[in-house]
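Here is the file structure_1.txt (compact mmCIF, C-alpha atoms).
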```txt
# COMPACT_ATOMS: atom_id res chain seq x y z
CA MET A 1 76.36 70.37 88.62
CA PRO A 2 72.98 71.11 90.29
CA ALA A 3 74.42 73.51 92.87
CA ARG A 4 75.46 75.78 90.01
CA ARG A 5 72.29 75.42 87.97
CA GLN A 6 70.38 76.59 91.04
CA LYS A 7 72.04 79.99 90.60
CA THR A 8 70.16 80.70 87.37
CA PRO A 9 67.05 82.14 89.06
CA LYS A 10 69.29 84.52 91.01
CA LYS A 11 70.79 85.67 87.73
CA THR A 12 67.40 86.45 86.20
CA ALA A 13 66.66 88.53 89.32
CA GLY A 14 69.91 90.38 88.62
CA PRO A 15 73.05 90.42 90.69
CA ALA A 16 72.38 91.42 94.28
CA ARG A 17 73.77 94.54 95.92
CA TRP A 18 75.60 93.13 98.93
CA LYS A 19 75.32 95.19 102.13
CA LYS A 20 78.66 96.40 103.44
CA GLY A 21 79.28 96.02 107.15
CA GLY A 22 82.38 96.80 109.16
CA SER A 23 85.94 96.42 107.99
CA GLU A 24 89.17 95.44 109.72
CA SER A 25 92.70 96.50 108.86
CA VAL A 26 95.00 93.68 107.76
CA ALA A 27 98.01 95.80 106.78
CA ARG A 28 98.84 99.50 106.59
CA THR A 29 101.45 100.89 104.19
CA ARG A 30 102.56 104.34 103.05
CA ILE A 31 100.49 104.09 99.86
CA PHE A 32 97.58 101.72 100.59
CA ASP A 33 95.86 99.80 103.36
CA VAL A 34 94.61 96.23 103.11
CA LEU A 35 91.24 95.63 104.76
CA THR A 36 88.79 92.80 105.18
CA ALA A 37 85.29 94.14 104.57
CA ARG A 38 82.29 92.20 105.83
CA TYR A 39 79.52 91.94 103.20
CA THR A 40 76.08 90.36 103.64
CA HIS A 41 74.00 88.99 100.74
CA PRO A 42 70.52 90.61 100.83
CA ARG A 43 68.61 87.45 99.86
CA ARG A 44 70.76 84.59 101.15
CA LYS A 45 71.53 86.57 104.33
CA THR A 46 74.95 84.93 104.33
CA SER A 47 77.96 87.08 105.29
CA ARG A 48 81.51 86.89 104.01
CA ASP A 49 84.72 88.88 104.40
CA PHE A 50 86.33 90.20 101.22
CA TYR A 51 89.82 91.67 100.90
CA VAL A 52 89.94 95.29 99.76
CA ILE A 53 93.00 97.44 98.98
CA ASP A 54 92.05 100.90 100.21
CA ALA A 55 94.05 103.69 98.55
CA PRO A 56 93.63 107.44 97.97
CA ASP A 57 92.62 108.54 94.48
CA TRP A 58 95.34 108.82 91.84
CA VAL A 59 95.75 111.25 88.94
CA ASN A 60 97.51 110.83 85.56
CA VAL A 61 98.12 113.67 83.12
CA VAL A 62 98.13 113.76 79.33
CA ALA A 63 100.45 116.76 78.82
CA LEU A 64 100.43 117.98 75.21
CA THR A 65 103.25 120.40 74.32
CA THR A 66 102.94 123.43 72.06
CA ASP A 67 104.64 121.37 69.30
CA HIS A 68 102.15 118.50 69.77
CA ARG A 69 104.31 116.05 71.64
CA LEU A 70 103.39 114.26 74.88
CA VAL A 71 105.43 114.61 78.07
CA LEU A 72 106.40 111.12 79.25
CA VAL A 73 108.33 109.89 82.27
CA ARG A 74 110.52 106.79 82.41
CA GLN A 75 111.32 105.38 85.82
CA PHE A 76 112.17 102.19 87.68
CA ARG A 77 109.05 100.65 89.21
CA PHE A 78 109.32 98.43 92.25
CA GLY A 79 106.07 96.49 91.65
CA ILE A 80 107.35 94.98 88.39
CA ASN A 81 111.10 95.25 89.23
CA ASP A 82 111.68 96.96 85.87
CA PHE A 83 111.48 100.30 84.05
CA SER A 84 108.17 101.75 82.87
CA ILE A 85 107.34 104.55 80.42
CA GLU A 86 104.32 106.47 81.70
CA ILE A 87 102.56 109.81 81.66
CA PRO A 88 103.14 112.03 84.71
CA GLY A 89 100.95 111.42 87.71
CA GLY A 90 100.75 110.36 91.31
CA VAL A 91 98.69 110.28 94.46
CA ILE A 92 96.17 113.05 95.21
CA ASP A 93 97.03 114.67 98.54
CA PRO A 94 94.50 114.49 101.42
CA GLY A 95 93.82 118.23 101.21
CA GLU A 96 93.37 118.33 97.43
CA LYS A 97 89.71 118.60 96.42
CA ASP A 98 90.21 119.14 92.69
CA PRO A 99 91.83 116.30 90.70
CA VAL A 100 92.70 118.70 87.87
CA ALA A 101 94.71 120.90 90.28
CA ALA A 102 96.37 117.78 91.66
CA GLY A 103 97.29 116.73 88.12
CA LEU A 104 98.84 120.13 87.40
CA ARG A 105 100.84 119.86 90.63
CA GLU A 106 102.12 116.37 89.78
CA LEU A 107 103.00 117.48 86.24
CA ARG A 108 104.95 120.47 87.54
CA GLU A 109 106.73 118.58 90.34
CA GLU A 110 107.69 115.55 88.22
CA THR A 111 108.58 117.25 84.96
CA GLY A 112 108.72 121.03 85.48
CA TYR A 113 106.06 121.47 82.79
CA GLU A 114 102.97 123.66 83.01
CA GLY A 115 100.20 124.24 80.48
CA LEU A 116 96.77 125.62 79.62
CA ARG A 117 93.14 124.50 79.39
CA ALA A 118 93.58 121.72 81.97
CA ARG A 119 90.46 119.58 82.14
CA LEU A 120 89.25 116.15 83.23
CA LEU A 121 89.21 113.45 80.53
CA GLY A 122 87.46 111.02 82.86
CA SER A 123 87.68 109.14 86.15
CA ILE A 124 88.19 105.39 86.13
CA ARG A 125 88.39 102.47 88.57
CA PRO A 126 91.86 100.85 88.65
CA ASN A 127 90.32 97.54 89.76
CA PRO A 128 86.71 97.40 91.02
CA ALA A 129 87.21 93.88 92.41
CA ILE A 130 89.96 94.70 94.89
CA LEU A 131 90.81 98.44 94.79
CA SER A 132 88.53 101.04 96.38
CA ASN A 133 89.86 104.13 94.64
CA ARG A 134 89.54 106.10 91.43
CA CYS A 135 92.17 107.32 88.99
CA HIS A 136 91.42 110.71 87.44
CA LEU A 137 92.75 111.37 83.93
CA VAL A 138 93.57 114.98 83.08
CA LEU A 139 94.41 116.71 79.78
CA VAL A 140 96.65 119.79 79.72
CA GLU A 141 97.41 121.63 76.47
CA GLU A 142 100.26 123.93 75.36
CA CYS A 143 102.65 122.53 77.99
CA GLU A 144 106.09 124.11 78.34
CA LYS A 145 108.98 123.63 80.77
CA THR A 146 108.65 126.47 83.27
CA SER A 147 110.00 125.33 86.62
CA ALA A 148 112.59 123.27 88.46
CA LEU A 149 111.94 119.63 89.30
CA GLU A 150 110.65 118.72 92.75
CA TRP A 151 111.06 114.98 93.14
CA ASP A 152 109.95 112.91 96.10
CA ASP A 153 112.57 110.81 97.88
CA ASP A 154 113.77 107.92 95.70
CA GLU A 155 112.24 109.47 92.56
CA GLU A 156 114.61 109.33 89.60
CA ILE A 157 112.78 110.27 86.45
CA GLU A 158 113.85 110.49 82.82
CA ILE A 159 111.65 112.95 80.97
CA LEU A 160 110.83 112.10 77.35
CA LEU A 161 108.95 114.02 74.69
CA ALA A 162 107.33 111.96 71.94
CA PRO A 163 104.98 112.79 69.05
CA VAL A 164 101.43 111.70 69.87
CA ASP A 165 101.33 109.15 67.04
CA HIS A 166 104.51 107.48 68.38
CA VAL A 167 102.92 107.21 71.82
CA TYR A 168 99.87 105.41 70.38
CA GLU A 169 102.22 103.10 68.46
CA TRP A 170 104.08 102.34 71.74
CA ALA A 171 100.71 101.57 73.36
CA ARG A 172 99.91 99.05 70.62
CA ASN A 173 103.33 97.38 70.54
CA GLY A 174 103.74 97.08 74.32
CA LYS A 175 106.51 99.64 74.83
CA ILE A 176 103.94 101.42 77.01
CA SER A 177 102.17 98.80 79.17
CA HIS A 178 100.90 100.72 82.24
CA ALA A 179 97.13 100.09 82.35
CA LEU A 180 96.18 103.56 83.62
CA VAL A 181 98.37 105.28 81.01
CA LEU A 182 96.68 103.28 78.25
CA ASP A 183 93.28 104.34 79.65
CA ALA A 184 94.32 107.98 79.38
CA LEU A 185 95.27 107.40 75.72
CA LEU A 186 91.85 105.84 75.04
CA LEU A 187 90.03 108.87 76.50
CA PHE A 188 92.46 111.36 74.89
CA ALA A 189 91.96 109.93 71.36
CA PRO A 190 88.73 111.84 70.46
CA HIS A 191 90.29 115.08 71.77
CA TRP A 192 93.44 114.48 69.71
CA GLU A 193 91.31 114.04 66.57
CA LYS A 194 90.13 117.64 67.07
CA LEU A 195 93.44 119.13 68.25
CA LYS A 196 95.84 117.72 65.67
CA MET B 1 116.24 123.19 97.55
CA PRO B 2 119.84 121.99 96.99
CA ALA B 3 119.13 118.39 98.00
CA ARG B 4 116.82 118.15 95.03
CA ARG B 5 118.99 120.01 92.55
CA GLN B 6 121.74 117.50 93.33
CA LYS B 7 119.55 114.86 91.72
CA THR B 8 119.93 116.39 88.26
CA PRO B 9 123.23 114.60 87.43
CA LYS B 10 121.55 111.30 88.34
CA LYS B 11 118.72 112.12 85.92
CA THR B 12 121.12 112.77 83.06
CA ALA B 13 122.72 109.41 83.88
CA GLY B 14 119.21 107.94 83.58
CA PRO B 15 117.12 106.36 86.33
CA ALA B 16 118.98 103.57 88.11
CA ARG B 17 117.92 99.93 88.04
CA TRP B 18 117.57 99.13 91.73
CA LYS B 19 118.78 95.66 92.79
CA LYS B 20 116.05 93.51 94.29
CA GLY B 21 116.93 91.61 97.45
CA GLY B 22 114.76 89.44 99.63
CA SER B 23 111.09 90.00 100.35
CA GLU B 24 108.90 89.39 103.39
CA SER B 25 105.20 88.58 103.47
CA VAL B 26 103.03 91.20 105.17
CA ALA B 27 99.65 89.66 104.38
CA ARG B 28 98.34 86.67 102.41
CA THR B 29 94.86 86.60 100.87
CA ARG B 30 93.00 84.30 98.48
CA ILE B 31 93.72 86.63 95.54
CA PHE B 32 96.94 88.49 96.32
CA ASP B 33 99.82 88.67 98.79
CA VAL B 34 101.33 91.86 100.19
CA LEU B 35 105.12 91.83 100.47
CA THR B 36 107.89 94.17 101.46
CA ALA B 37 110.69 93.87 98.91
CA ARG B 38 114.18 95.10 99.80
CA TYR B 39 115.73 97.16 97.00
CA THR B 40 119.27 98.62 96.90
CA HIS B 41 120.26 101.65 94.81
CA PRO B 42 123.28 100.72 92.62
CA ARG B 43 125.04 104.09 92.99
CA ARG B 44 123.94 105.38 96.39
CA LYS B 45 124.18 101.85 97.87
CA THR B 46 121.24 102.76 100.09
CA SER B 47 118.59 100.10 100.72
CA ARG B 48 114.86 100.52 101.23
CA ASP B 49 111.81 98.31 101.59
CA PHE B 50 108.96 98.86 99.14
CA TYR B 51 105.47 97.40 99.38
CA VAL B 52 104.45 95.11 96.52
CA ILE B 53 101.09 93.45 95.88
CA ASP B 54 101.99 90.06 94.44
CA ALA B 55 99.18 88.51 92.37
CA PRO B 56 98.86 85.85 89.66
CA ASP B 57 98.33 87.09 86.10
CA TRP B 58 94.80 88.03 85.05
CA VAL B 59 93.04 87.67 81.70
CA ASN B 60 90.20 89.74 80.16
CA VAL B 61 88.36 88.76 76.99
CA VAL B 62 86.90 90.86 74.19
CA ALA B 63 84.20 88.43 72.98
CA LEU B 64 82.70 89.53 69.65
CA THR B 65 79.49 87.72 68.69
CA THR B 66 78.52 86.60 65.18
CA ASP B 67 76.17 89.64 65.01
CA HIS B 68 79.00 92.01 66.05
CA ARG B 69 78.04 92.65 69.64
CA LEU B 70 80.34 92.34 72.66
CA VAL B 71 79.62 89.97 75.55
CA LEU B 72 79.63 92.01 78.78
CA VAL B 73 79.15 91.01 82.40
CA ARG B 74 77.59 93.17 85.11
CA GLN B 75 78.32 92.25 88.71
CA PHE B 76 78.64 93.66 92.20
CA ARG B 77 82.26 94.42 93.01
CA PHE B 78 83.46 94.46 96.60
CA GLY B 79 86.44 96.77 96.05
CA ILE B 80 84.21 99.70 95.03
CA ASN B 81 81.06 98.54 96.90
CA ASP B 82 79.07 99.00 93.70
CA PHE B 83 78.13 97.36 90.38
CA SER B 84 80.53 97.28 87.45
CA ILE B 85 80.03 96.53 83.75
CA GLU B 86 83.04 94.62 82.43
CA ILE B 87 84.22 92.16 79.83
CA PRO B 88 84.55 88.54 81.00
CA GLY B 89 87.78 87.59 82.69
CA GLY B 90 89.48 86.41 85.82
CA VAL B 91 92.55 84.92 87.38
CA ILE B 92 94.80 82.58 85.39
CA ASP B 93 95.05 79.24 87.21
CA PRO B 94 98.49 78.05 88.45
CA GLY B 95 98.55 75.24 85.89
CA GLU B 96 97.54 77.37 82.92
CA LYS B 97 100.48 78.19 80.64
CA ASP B 98 98.54 79.85 77.81
CA PRO B 99 96.66 83.09 78.60
CA VAL B 100 94.49 82.65 75.48
CA ALA B 101 93.29 79.24 76.74
CA ALA B 102 92.67 80.77 80.18
CA GLY B 103 90.62 83.53 78.56
CA LEU B 104 88.51 80.99 76.65
CA ARG B 105 87.93 79.10 79.92
CA GLU B 106 86.87 82.25 81.80
CA LEU B 107 84.59 83.28 78.92
CA ARG B 108 82.92 79.86 78.87
CA GLU B 109 82.57 79.56 82.67
CA GLU B 110 81.29 83.11 83.25
CA THR B 111 79.01 83.50 80.23
CA GLY B 112 78.60 80.12 78.49
CA TYR B 113 79.98 81.64 75.27
CA GLU B 114 82.65 80.13 73.01
CA GLY B 115 84.13 81.46 69.79
CA LEU B 116 86.76 81.27 67.08
CA ARG B 117 90.14 82.78 66.17
CA ALA B 118 91.06 83.48 69.81
CA ARG B 119 94.26 85.51 69.99
CA LEU B 120 96.22 87.83 72.29
CA LEU B 121 95.58 91.56 71.85
CA GLY B 122 98.37 92.40 74.27
CA SER B 123 99.65 92.01 77.83
CA ILE B 124 99.64 94.99 80.17
CA ARG B 125 100.74 95.93 83.68
CA PRO B 126 97.79 96.75 85.99
CA ASN B 127 100.04 98.99 88.11
CA PRO B 128 103.86 98.83 87.74
CA ALA B 129 104.36 100.83 90.95
CA ILE B 130 102.67 98.38 93.33
CA LEU B 131 101.38 95.31 91.44
CA SER B 132 103.75 92.58 90.25
CA ASN B 133 101.49 90.91 87.72
CA ARG B 134 100.31 91.19 84.12
CA CYS B 135 96.83 91.29 82.64
CA HIS B 136 96.50 89.52 79.28
CA LEU B 137 93.87 90.83 76.86
CA VAL B 138 92.35 88.30 74.49
CA LEU B 139 90.11 88.70 71.42
CA VAL B 140 87.64 85.95 70.47
CA GLU B 141 85.47 86.22 67.33
CA GLU B 142 82.16 84.64 66.28
CA CYS B 143 81.15 83.97 69.88
CA GLU B 144 77.93 82.05 70.55
CA LYS B 145 76.28 80.67 73.69
CA THR B 146 77.17 77.00 73.76
CA SER B 147 77.33 75.82 77.33
CA ALA B 148 75.89 76.13 80.82
CA LEU B 149 77.27 78.66 83.27
CA GLU B 150 79.87 77.60 85.82
CA TRP B 151 80.13 80.32 88.40
CA ASP B 152 82.50 80.42 91.32
CA ASP B 153 81.01 80.76 94.81
CA ASP B 154 79.47 84.21 95.33
CA GLU B 155 79.53 84.95 91.59
CA GLU B 156 76.24 86.47 90.41
CA ILE B 157 76.62 87.76 86.90
CA GLU B 158 74.22 89.52 84.55
CA ILE B 159 75.23 88.87 80.95
CA LEU B 160 74.72 91.74 78.52
CA LEU B 161 75.19 91.94 74.76
CA ALA B 162 75.90 95.39 73.34
CA PRO B 163 76.84 96.68 69.88
CA VAL B 164 80.54 97.54 69.75
CA ASP B 165 79.88 101.24 69.13
CA HIS B 166 77.68 101.42 72.26
CA VAL B 167 80.48 99.87 74.31
CA TYR B 168 82.96 102.53 73.13
CA GLU B 169 80.37 105.20 73.96
CA TRP B 170 80.00 103.70 77.47
CA ALA B 171 83.81 103.84 77.82
CA ARG B 172 83.80 107.55 76.96
CA ASN B 173 80.83 108.50 79.18
CA GLY B 174 81.95 106.52 82.25
CA LYS B 175 79.27 103.80 82.19
CA ILE B 176 82.24 101.45 81.78
CA SER B 177 85.01 102.55 84.18
CA HIS B 178 87.10 99.40 84.82
CA ALA B 179 90.67 100.31 83.86
CA LEU B 180 91.59 96.90 82.42
CA VAL B 181 88.38 96.74 80.37
CA LEU B 182 89.14 100.15 78.88
CA ASP B 183 92.65 98.92 77.99
CA ALA B 184 91.12 95.99 76.09
CA LEU B 185 88.94 98.45 74.15
CA LEU B 186 92.02 100.53 73.24
CA LEU B 187 93.86 97.47 71.87
CA PHE B 188 90.71 96.08 70.19
CA ALA B 189 90.02 99.32 68.27
CA PRO B 190 92.37 98.72 65.29
CA HIS B 191 91.05 95.13 64.96
CA TRP B 192 87.45 96.40 65.02
CA GLU B 193 88.26 98.82 62.20
CA LYS B 194 89.10 95.79 60.03
CA LEU B 195 86.31 93.47 61.28
CA LYS B 196 83.31 95.78 61.14
```

Representation of the structure as structure tokens:
Amino acid sequence: MPARRQKTPKKTAGPARWKKGGSESVARTRIFDVLTARYTHPRRKTSRDFYVIDAPDWVNVVALTTDHRLVLVRQFRFGINDFSIEIPGGVIDPGEKDPVAAGLRELREETGYEGLRARLLGSIRPNPAILSNRCHLVLVEECEKTSALEWDDDEEIEILLAPVDHVYEWARNGKISHALVLDALLLFAPHWEKLK
Amino acid sequence: MPARRQKTPKKTAGPARWKKGGSESVARTRIFDVLTARYTHPRRKTSRDFYVIDAPDWVNVVALTTDHRLVLVRQFRFGINDFSIEIPGGVIDPGEKDPVAAGLRELREETGYEGLRARLLGSIRPNPAILSNRCHLVLVEECEKTSALEWDDDEEIEILLAPVDHVYEWARNGKISHALVLDALLLFAPHWEKLK
């Protein structure tokens, strides 16, 4: 397939950084917008539109209790039409500059828990191919139930507490399957080695 | 806020399984569709439309070479308007029943590598709240370059080989930030403990 072999020289030059042009809205929803973004190849000078899901940054929180359990939430998720066991989290509000503060807010609103030594485990890309945003992963230690729940409309959340080792077992056996929750467990692992 | 306190009995009853009704297409793209799905609450009997991104399943491949390095791909990603270091993978074709076979195909087409003892590490949910699909994570051992590259249009891929320990370091320091790639590293870890 000569057309494909011709690409080899481009590979040796390294993948090109396409130049982003304008974008057009395809659909707007409460939680994300769908855009077509016009990109131009710097060498070929060809332009193409690519679909991008534009969403605000998200935050997920590894909340470790004083007795070394993790605060989990179980809820019905409309994307998969099924229940999902996750760590607390949500969408960072437009005004919120600090993802750690946003994580503490989501933890408190969803579960009523608050804790100490909140810090960023890392910031990841939910899907670089089609999603524009980041998901920030936050660790909070010595969490305790301190306040009443403040759920958004249509939020119905079962709060679970599970020993950290059980949570890692659930990650391996598929009982926990949410990609961003599993990422938080990957980045929490070296911290847990020191804390346990 | 009484309206919220009233939710507590529902919580003790556990989160409800909403009943899915019909859905309507909002936008269709080459790689995903955006739908509004009508859901009805079983107790409140209230109905609401929720946005769902409907996509085919994806597959990502942990390709371990005979000299214990991982096959990585670096490419420009239009969602984040930047480069991303990832493991090989892609979209499972409509006809493909077996995610492991799809992973071997993507590995061969993107990198020219093939290997042995291909098996499923696990299947995860990229985002249960808004995405309908699964991402299957596949492990392939003893990978070697055997064939020519077969890239899709607009694919320009730099192929990297890195020792496994470097890849985990890149996951911790943010050089690798793709959520689904990090998930594969979490599920590969116990296998690596035995293989190394």

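Proximity to segment 111-121 of chain A at 8 Å, evaluated using all atoms listed in the file and with sequence-adjacent residues fewer than 5 positions away removed, yields A:Ala63, A:Thr65, A:Val73, A:Pro88, A:Pro99, A:Val100, A:Leu104, A:His136, A:Leu137, A:Val138, A:Leu139, A:Val140, A:Glu141, A:Glu142, A:Cys143, A:Glu144, A:Lys145, A:Thr146, A:Ser147, A:Ala148, A:Leu149, A:Glu150, A:Ile159, A:Ala184, A:Leu187, A:Phe188.
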
Mind fitting chain A onto chain B over all Cα atoms in sequence order and sending the result as a compact mmCIF listing (two decimals) with C-alpha atoms, keeping the file's coordinate frame?
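As a result, out.txt now contains:
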```
# COMPACT_ATOMS: atom_id res chain seq x y z
CA MET A 1 115.93 123.34 97.53
CA PRO A 2 119.57 122.20 97.03
CA ALA A 3 118.91 118.60 98.08
CA ARG A 4 116.59 118.27 95.10
CA ARG A 5 118.77 120.12 92.62
CA GLN A 6 121.53 117.65 93.45
CA LYS A 7 119.41 114.94 91.82
CA THR A 8 119.82 116.45 88.35
CA PRO A 9 123.13 114.70 87.57
CA LYS A 10 121.50 111.38 88.48
CA LYS A 11 118.74 112.15 86.00
CA THR A 12 121.17 112.81 83.16
CA ALA A 13 122.76 109.43 83.95
CA GLY A 14 119.28 107.93 83.62
CA PRO A 15 117.18 106.32 86.29
CA ALA A 16 119.02 103.54 88.07
CA ARG A 17 117.97 99.90 88.01
CA TRP A 18 117.60 99.09 91.70
CA LYS A 19 118.81 95.62 92.73
CA LYS A 20 116.08 93.47 94.26
CA GLY A 21 116.96 91.58 97.41
CA GLY A 22 114.78 89.41 99.60
CA SER A 23 111.12 89.95 100.32
CA GLU A 24 108.94 89.35 103.36
CA SER A 25 105.24 88.55 103.47
CA VAL A 26 103.08 91.19 105.16
CA ALA A 27 99.68 89.66 104.37
CA ARG A 28 98.37 86.67 102.43
CA THR A 29 94.89 86.60 100.88
CA ARG A 30 93.00 84.33 98.50
CA ILE A 31 93.73 86.61 95.54
CA PHE A 32 96.97 88.47 96.32
CA ASP A 33 99.84 88.65 98.78
CA VAL A 34 101.35 91.84 100.17
CA LEU A 35 105.14 91.79 100.43
CA THR A 36 107.91 94.14 101.43
CA ALA A 37 110.72 93.84 98.89
CA ARG A 38 114.20 95.06 99.78
CA TYR A 39 115.78 97.12 96.97
CA THR A 40 119.30 98.57 96.89
CA HIS A 41 120.29 101.60 94.77
CA PRO A 42 123.30 100.66 92.59
CA ARG A 43 125.09 104.01 92.97
CA ARG A 44 123.98 105.32 96.36
CA LYS A 45 124.22 101.80 97.83
CA THR A 46 121.29 102.71 100.07
CA SER A 47 118.62 100.05 100.68
CA ARG A 48 114.90 100.50 101.20
CA ASP A 49 111.85 98.27 101.56
CA PHE A 50 109.01 98.82 99.11
CA TYR A 51 105.50 97.39 99.36
CA VAL A 52 104.49 95.10 96.50
CA ILE A 53 101.12 93.43 95.86
CA ASP A 54 102.01 90.04 94.42
CA ALA A 55 99.19 88.48 92.37
CA PRO A 56 98.87 85.83 89.64
CA ASP A 57 98.34 87.07 86.09
CA TRP A 58 94.81 88.02 85.05
CA VAL A 59 93.03 87.67 81.70
CA ASN A 60 90.19 89.73 80.16
CA VAL A 61 88.35 88.76 76.99
CA VAL A 62 86.90 90.86 74.19
CA ALA A 63 84.19 88.43 72.98
CA LEU A 64 82.69 89.52 69.65
CA THR A 65 79.46 87.72 68.68
CA THR A 66 78.50 86.61 65.19
CA ASP A 67 76.16 89.65 65.01
CA HIS A 68 78.99 92.01 66.05
CA ARG A 69 78.03 92.65 69.63
CA LEU A 70 80.33 92.36 72.66
CA VAL A 71 79.62 89.99 75.55
CA LEU A 72 79.62 92.02 78.78
CA VAL A 73 79.15 91.05 82.41
CA ARG A 74 77.59 93.21 85.12
CA GLN A 75 78.33 92.29 88.71
CA PHE A 76 78.66 93.70 92.21
CA ARG A 77 82.30 94.46 93.02
CA PHE A 78 83.48 94.48 96.60
CA GLY A 79 86.48 96.79 96.04
CA ILE A 80 84.27 99.73 95.02
CA ASN A 81 81.12 98.57 96.90
CA ASP A 82 79.10 99.04 93.70
CA PHE A 83 78.16 97.40 90.39
CA SER A 84 80.57 97.31 87.45
CA ILE A 85 80.04 96.55 83.75
CA GLU A 86 83.05 94.64 82.43
CA ILE A 87 84.22 92.17 79.82
CA PRO A 88 84.56 88.55 80.99
CA GLY A 89 87.78 87.59 82.69
CA GLY A 90 89.45 86.41 85.83
CA VAL A 91 92.54 84.92 87.39
CA ILE A 92 94.78 82.56 85.39
CA ASP A 93 95.04 79.23 87.21
CA PRO A 94 98.47 78.04 88.44
CA GLY A 95 98.54 75.21 85.89
CA GLU A 96 97.51 77.36 82.92
CA LYS A 97 100.45 78.17 80.64
CA ASP A 98 98.52 79.81 77.81
CA PRO A 99 96.64 83.05 78.60
CA VAL A 100 94.47 82.62 75.50
CA ALA A 101 93.25 79.21 76.76
CA ALA A 102 92.65 80.74 80.18
CA GLY A 103 90.61 83.51 78.55
CA LEU A 104 88.48 80.98 76.67
CA ARG A 105 87.90 79.10 79.93
CA GLU A 106 86.85 82.26 81.80
CA LEU A 107 84.56 83.28 78.92
CA ARG A 108 82.88 79.87 78.90
CA GLU A 109 82.55 79.58 82.69
CA GLU A 110 81.26 83.13 83.25
CA THR A 111 78.99 83.51 80.24
CA GLY A 112 78.58 80.14 78.51
CA TYR A 113 79.94 81.65 75.29
CA GLU A 114 82.58 80.13 73.03
CA GLY A 115 84.09 81.46 69.80
CA LEU A 116 86.73 81.25 67.09
CA ARG A 117 90.12 82.74 66.18
CA ALA A 118 91.04 83.46 69.82
CA ARG A 119 94.24 85.48 69.98
CA LEU A 120 96.21 87.78 72.28
CA LEU A 121 95.57 91.52 71.85
CA GLY A 122 98.37 92.36 74.27
CA SER A 123 99.65 91.97 77.82
CA ILE A 124 99.65 94.96 80.15
CA ARG A 125 100.77 95.89 83.67
CA PRO A 126 97.82 96.73 85.97
CA ASN A 127 100.08 98.97 88.09
CA PRO A 128 103.88 98.80 87.72
CA ALA A 129 104.40 100.79 90.93
CA ILE A 130 102.71 98.37 93.31
CA LEU A 131 101.41 95.29 91.42
CA SER A 132 103.77 92.55 90.22
CA ASN A 133 101.50 90.89 87.69
CA ARG A 134 100.33 91.17 84.11
CA CYS A 135 96.84 91.26 82.63
CA HIS A 136 96.50 89.50 79.28
CA LEU A 137 93.87 90.81 76.86
CA VAL A 138 92.34 88.28 74.48
CA LEU A 139 90.10 88.67 71.41
CA VAL A 140 87.63 85.93 70.45
CA GLU A 141 85.47 86.21 67.33
CA GLU A 142 82.14 84.64 66.28
CA CYS A 143 81.12 83.97 69.90
CA GLU A 144 77.90 82.06 70.56
CA LYS A 145 76.22 80.70 73.70
CA THR A 146 77.11 77.01 73.76
CA SER A 147 77.28 75.84 77.36
CA ALA A 148 75.87 76.14 80.86
CA LEU A 149 77.25 78.68 83.31
CA GLU A 150 79.85 77.60 85.85
CA TRP A 151 80.10 80.35 88.43
CA ASP A 152 82.50 80.47 91.34
CA ASP A 153 81.04 80.82 94.83
CA ASP A 154 79.49 84.27 95.36
CA GLU A 155 79.50 85.00 91.61
CA GLU A 156 76.23 86.52 90.44
CA ILE A 157 76.60 87.79 86.92
CA GLU A 158 74.22 89.57 84.56
CA ILE A 159 75.22 88.91 80.97
CA LEU A 160 74.72 91.77 78.52
CA LEU A 161 75.19 91.98 74.77
CA ALA A 162 75.90 95.42 73.34
CA PRO A 163 76.86 96.70 69.87
CA VAL A 164 80.56 97.55 69.74
CA ASP A 165 79.91 101.25 69.11
CA HIS A 166 77.71 101.44 72.25
CA VAL A 167 80.51 99.88 74.30
CA TYR A 168 82.99 102.54 73.12
CA GLU A 169 80.41 105.22 73.94
CA TRP A 170 80.04 103.73 77.47
CA ALA A 171 83.84 103.83 77.81
CA ARG A 172 83.86 107.55 76.96
CA ASN A 173 80.91 108.52 79.15
CA GLY A 174 82.00 106.55 82.23
CA LYS A 175 79.32 103.84 82.18
CA ILE A 176 82.27 101.46 81.77
CA SER A 177 85.05 102.56 84.17
CA HIS A 178 87.13 99.40 84.82
CA ALA A 179 90.71 100.31 83.83
CA LEU A 180 91.61 96.89 82.40
CA VAL A 181 88.40 96.73 80.35
CA LEU A 182 89.16 100.14 78.85
CA ASP A 183 92.67 98.90 77.97
CA ALA A 184 91.15 95.98 76.09
CA LEU A 185 88.97 98.43 74.12
CA LEU A 186 92.05 100.50 73.22
CA LEU A 187 93.88 97.44 71.86
CA PHE A 188 90.73 96.05 70.18
CA ALA A 189 90.03 99.29 68.25
CA PRO A 190 92.41 98.66 65.27
CA HIS A 191 91.06 95.09 64.96
CA TRP A 192 87.47 96.37 65.00
CA GLU A 193 88.29 98.79 62.17
CA LYS A 194 89.10 95.74 60.02
CA LEU A 195 86.32 93.44 61.28
CA LYS A 196 83.33 95.77 61.12
```

Segment 37-48 of chain B environment, 10 Å, only C-alpha atoms, sequence neighbours closer than 5 positions dropped, as a compact mmCIF listing (two decimals) with C-alpha atoms, in the frame of the given file:
```txt
# COMPACT_ATOMS: atom_id res chain seq x y z
CA PHE A 78 109.32 98.43 92.25
CA GLY A 79 106.07 96.49 91.65
CA ASN A 81 111.10 95.25 89.23
CA ASP A 154 113.77 107.92 95.70
CA LYS B 10 121.55 111.30 88.34
CA ALA B 16 118.98 103.57 88.11
CA ARG B 17 117.92 99.93 88.04
CA TRP B 18 117.57 99.13 91.73
CA LYS B 19 118.78 95.66 92.79
CA LYS B 20 116.05 93.51 94.29
CA GLY B 21 116.93 91.61 97.45
CA GLY B 22 114.76 89.44 99.63
CA SER B 23 111.09 90.00 100.35
CA GLU B 24 108.90 89.39 103.39
CA SER B 25 105.20 88.58 103.47
```
